[in-house]
file final.cif (mmCIF, C-alpha atoms)
data_data
loop_
_atom_site.label_atom_id
_atom_site.label_comp_id
_atom_site.auth_asym_id
_atom_site.auth_seq_id
_atom_site.Cartn_x
_atom_site.Cartn_y
_atom_site.Cartn_z
CA MET A 16 -20.92 -47.54 44.50
CA GLY A 17 -24.50 -48.77 44.38
CA PHE A 18 -26.72 -49.30 41.38
CA TRP A 19 -28.33 -45.85 41.59
CA GLY A 20 -24.94 -44.22 42.15
CA LYS A 21 -23.73 -45.81 38.92
CA VAL A 22 -26.90 -44.77 37.08
CA ILE A 23 -26.70 -41.20 38.35
CA GLY A 24 -22.94 -41.07 37.72
CA GLY A 25 -23.47 -42.38 34.19
CA ALA A 26 -26.23 -39.86 33.61
CA VAL A 27 -24.02 -37.02 34.85
CA ILE A 28 -21.19 -38.19 32.59
CA GLY A 29 -23.59 -38.46 29.66
CA VAL A 30 -25.11 -35.03 30.24
CA THR A 31 -21.62 -33.54 30.67
CA ALA A 32 -20.40 -35.17 27.47
CA PHE A 33 -23.49 -33.94 25.64
CA ALA A 34 -23.04 -30.39 27.01
CA LEU A 35 -19.35 -30.39 26.10
CA GLY A 36 -20.20 -31.67 22.63
CA ALA A 37 -22.81 -28.90 22.15
CA ALA A 38 -20.35 -26.30 23.49
CA LYS A 39 -17.65 -27.58 21.14
CA GLY A 40 -20.12 -27.36 18.25
CA ARG A 41 -20.92 -23.73 19.15
CA TRP A 42 -17.21 -22.96 19.50
CA ASP A 43 -16.49 -24.54 16.10
CA LYS A 44 -19.30 -22.49 14.55
CA LYS A 45 -17.92 -19.30 16.15
CA GLN A 46 -14.44 -20.10 14.83
CA GLU A 47 -15.86 -20.81 11.39
CA GLN A 48 -17.78 -17.50 11.50
CA LYS A 49 -14.61 -15.64 12.56
CA GLN A 50 -12.71 -17.20 9.65
CA CYS A 51 -15.48 -16.21 7.23
CA ASP A 52 -15.43 -12.66 8.62
CA LEU A 53 -11.63 -12.47 8.20
CA GLU A 54 -11.85 -13.73 4.63
CA ARG A 55 -14.67 -11.30 3.86
CA ARG A 56 -12.65 -8.37 5.30
CA ALA A 57 -9.54 -9.45 3.39
CA GLY A 58 -11.61 -9.63 0.21
CA ALA A 59 -13.09 -6.20 0.90
CA ALA A 60 -9.61 -4.75 1.57
CA LYS A 61 -8.30 -6.24 -1.66
CA ALA A 62 -11.30 -4.91 -3.57
CA GLU A 63 -10.75 -1.45 -2.02
CA TYR A 64 -7.07 -1.60 -2.99
CA GLU A 65 -8.01 -2.56 -6.56
CA ARG A 66 -10.50 0.34 -6.72
CA GLU A 67 -7.85 2.78 -5.43
CA LEU A 68 -5.29 1.43 -7.87
CA GLU A 69 -7.70 1.78 -10.77
CA LYS A 70 -8.63 5.29 -9.66
CA LEU A 71 -4.95 6.23 -9.41
CA LYS A 72 -4.25 4.80 -12.86
CA ASN A 73 -7.11 6.84 -14.28
CA GLU A 74 -5.81 10.01 -12.61
CA LEU A 75 -2.32 9.33 -13.90
CA ALA A 76 -3.65 8.61 -17.38
CA SER A 77 -5.47 11.94 -17.49
CA ILE A 78 -2.34 13.77 -16.35
CA ILE A 79 0.05 12.10 -18.76
CA ARG A 80 -2.14 12.67 -21.82
CA ASP A 81 -0.39 16.00 -22.08
CA VAL A 82 2.77 14.87 -23.85
CA GLU A 83 4.73 17.91 -22.77
CA ILE A 84 4.49 17.08 -19.09
CA ARG A 85 4.26 13.27 -19.28
CA GLU A 86 7.92 12.41 -18.88
CA GLN A 87 8.60 15.05 -16.25
CA PHE A 88 5.53 13.99 -14.28
CA LEU A 89 6.52 10.31 -14.44
CA VAL A 90 10.08 11.11 -13.41
CA THR A 91 8.79 13.26 -10.55
CA SER A 92 6.40 10.48 -9.53
CA PHE A 93 9.33 8.12 -9.36
CA ALA A 94 11.30 10.59 -7.28
CA VAL A 95 8.38 10.87 -4.85
CA GLY A 96 7.91 7.10 -4.70
CA ILE A 97 11.59 6.28 -4.31
CA CYS A 98 11.95 8.93 -1.62
CA ALA A 99 8.98 7.42 0.25
CA ALA A 100 10.24 3.87 -0.20
CA ASN A 101 13.59 4.92 1.22
CA ALA A 102 12.08 6.63 4.28
CA ASP A 103 13.26 3.70 6.41
CA HIS A 104 16.61 3.61 4.57
CA ASP A 105 15.72 0.36 2.80
CA ILE A 106 13.85 0.06 -0.48
CA SER A 107 12.30 -3.38 -0.26
CA ASP A 108 11.60 -5.50 -3.31
CA GLU A 109 7.89 -5.11 -2.59
CA GLU A 110 8.16 -1.32 -2.50
CA ARG A 111 10.14 -1.23 -5.75
CA GLU A 112 7.66 -3.59 -7.40
CA GLU A 113 4.71 -1.46 -6.22
CA LEU A 114 6.33 1.73 -7.47
CA GLU A 115 7.09 0.27 -10.86
CA GLU A 116 3.57 -1.17 -11.07
CA LEU A 117 2.09 2.25 -10.33
CA ALA A 118 4.25 4.34 -12.63
CA PHE A 119 5.36 1.87 -15.28
CA GLY A 120 1.94 0.27 -15.41
CA LEU A 121 1.01 3.30 -17.46
CA ALA A 122 4.34 4.11 -19.02
CA LYS A 123 6.71 1.28 -19.75
CA THR A 124 10.38 2.20 -19.52
CA ASP A 125 10.65 2.50 -23.27
CA VAL A 126 8.33 5.53 -23.12
CA LEU A 127 10.85 7.40 -21.01
CA SER A 128 13.94 8.85 -22.61
CA LYS A 129 17.24 7.08 -21.97
CA ALA A 130 18.30 9.99 -19.76
CA ALA A 131 15.14 9.70 -17.65
CA GLN A 132 15.53 5.92 -17.38
CA LYS A 133 19.13 6.39 -16.24
CA ARG A 134 18.06 9.02 -13.72
CA VAL A 135 15.39 6.74 -12.22
CA GLU A 136 17.87 3.86 -11.94
CA GLN A 137 20.39 6.17 -10.23
CA TRP A 138 17.72 7.14 -7.71
CA TYR A 139 17.29 3.52 -6.69
CA ASN A 140 21.00 3.47 -5.84
CA SER A 141 21.05 6.96 -4.31
CA PRO A 142 17.48 8.03 -3.41
CA PRO A 143 16.68 11.74 -3.44
CA GLU A 144 15.87 13.56 -0.21
CA LEU A 145 12.41 15.02 0.36
CA ALA A 146 13.73 18.59 -0.01
CA THR A 147 15.12 17.70 -3.45
CA VAL A 148 11.90 16.01 -4.49
CA TRP A 149 9.81 18.93 -3.28
CA ARG A 150 11.99 21.37 -5.22
CA MET A 151 11.43 19.21 -8.33
CA ILE A 152 7.67 19.28 -7.70
CA GLU A 153 7.65 23.07 -7.39
CA ASP A 154 9.99 23.66 -10.34
CA ASN A 155 7.68 21.65 -12.59
CA GLY A 156 4.45 23.17 -11.27
CA PHE A 157 3.26 19.86 -9.81
CA ASN A 158 2.37 21.42 -6.44
CA LYS A 159 -1.26 21.80 -7.47
CA PRO A 160 -3.93 19.72 -5.68
CA LYS A 161 -4.55 17.35 -8.61
CA TYR A 162 -0.86 16.36 -8.70
CA ILE A 163 -0.40 16.31 -4.93
CA SER A 164 -3.36 13.94 -4.67
CA VAL A 165 -1.62 11.50 -7.01
CA PHE A 166 1.68 11.84 -5.15
CA ASP A 167 -0.13 11.18 -1.83
CA LYS A 168 -1.55 7.96 -3.21
CA ILE A 169 1.80 6.86 -4.58
CA ILE A 170 3.44 7.52 -1.22
CA ASN A 171 0.82 5.57 0.73
CA MET A 172 0.74 2.64 -1.68
CA VAL A 173 4.53 2.37 -1.85
CA ILE A 174 4.96 2.61 1.92
CA MET A 175 2.32 -0.06 2.52
CA ALA A 176 3.65 -2.36 -0.24
CA ASP A 177 5.59 -4.40 2.31
CA ASP A 178 2.64 -4.35 4.76
CA VAL A 179 4.75 -2.46 7.30
CA LYS A 180 4.47 1.19 8.28
CA ASN A 181 7.31 1.90 10.65
CA HIS A 182 8.34 4.97 12.62
CA HIS A 183 10.60 6.34 9.87
CA GLU A 184 7.82 6.05 7.30
CA GLU A 185 5.37 7.80 9.63
CA GLU A 186 7.91 10.62 10.07
CA PHE A 187 8.27 10.84 6.29
CA ILE A 188 4.50 11.16 5.87
CA GLU A 189 4.41 13.90 8.51
CA ALA A 190 7.24 15.76 6.74
CA TRP A 191 5.47 15.33 3.38
CA ASN A 192 2.18 16.62 4.82
CA SER A 193 3.90 19.67 6.33
CA ARG A 194 5.41 20.50 2.91
CA VAL A 195 2.03 20.05 1.22
CA ALA A 196 0.36 22.32 3.79
#
call {"tool": "encode", "arguments": {"input": "final.cif", "output": "structure tokens"}}
result
Amino acid sequence: MGFWGKVIGGAVIGVTAFALGAAKGRWDKKQEQKQCDLERRAGAAKAEYERELEKLKNELASIIRDVEIREQFLVTSFAVGICAANADHDISDEEREELEELAFGLAKTDVLSKAAQKRVEQWYNSPPELATVWRMIEDNGFNKPKYISVFDKIINMVIMADDVKNHHEEEFIEAWNSRVA
């Protein structure tokens, strides 16, 4: 290869290296931007979850101010949540934790009577069916929109506690929605 061949070859290699370096820099910036977008979306999702949780706690607090219905509403809320958590025939630790956070976040177990506490614990071992839960809702007059709205939120938060919404859980939500309708 002659002198000019080497010069031109070197120039081509240099330009190629420079172009690849600039392309890599753009790619790195795109990857960095994607990561920032993901983190921003995750932060927004967490903030939305926190807002929904706070809203639910406020709704629950307003409902359970009435001492006469507090325990029955909390017990019914547990029945709804346990039934939803068991839709896939497995109550995960995350689902149980979420349910207890939602209901017991407002009413620690010592607020419930011993009989109600025992009943809730039995449901973890033998979860109620949707028909049973719905009958409980109707018998206690909790089939009004303000209560159903709270139950809907409990169902969705409990089902998504393990970050998985499977076919059985989707079927449960459909069955719940048909009862509500």
call {"tool": "resolve_selection", "arguments": {"input": "final.cif", "expression": "the PyMOL selection byres ((chain A and resi 95-104) around 8)", "output": "VMD selection string"}}
result
chain A and resid 91 to 94 105 to 107 110 to 111 114 138 to 139 142 to 145 148 166 169 to 170 173 to 174 181 183 to 184 187
call {"tool": "closest_residue", "arguments": {"input": "final.cif", "among": "A:Leu89, A:Ala196, A:Ala176, A:Ala62", "to": "Ser128 (chain A)", "atoms": "all atoms listed in the file"}}
result
A:Leu89
call {"tool": "atom_distance", "arguments": {"input": "final.cif", "atom1": "CA of Glu115 (chain A)", "atom2": "CA of Lys61 (chain A)"}}
result
19.1 Å
call {"tool": "closest_residue", "arguments": {"input": "final.cif", "among": "A:Glu116, A:Glu69, A:Asp154, A:Asp167", "to": "Trp191 (chain A)", "atoms": "only C-alpha atoms"}}
result
A:Asp167
call {"tool": "atom_distance", "arguments": {"input": "final.cif", "atom1": "CA of Ala131 (chain A)", "atom2": "CA of Glu109 (chain A)"}}
result
22.3 Å
call {"tool": "closest_residue", "arguments": {"input": "final.cif", "among": "A:Asn171, A:Asp177, A:Gln137, A:Lys129", "to": "Glu189 (chain A)", "atoms": "all atoms listed in the file"}}
result
A:Asn171
call {"tool": "atom_distance", "arguments": {"input": "final.cif", "atom1": "CA of Ser164 (chain A)", "atom2": "CA of Asn140 (chain A)"}}
result
26.5 Å
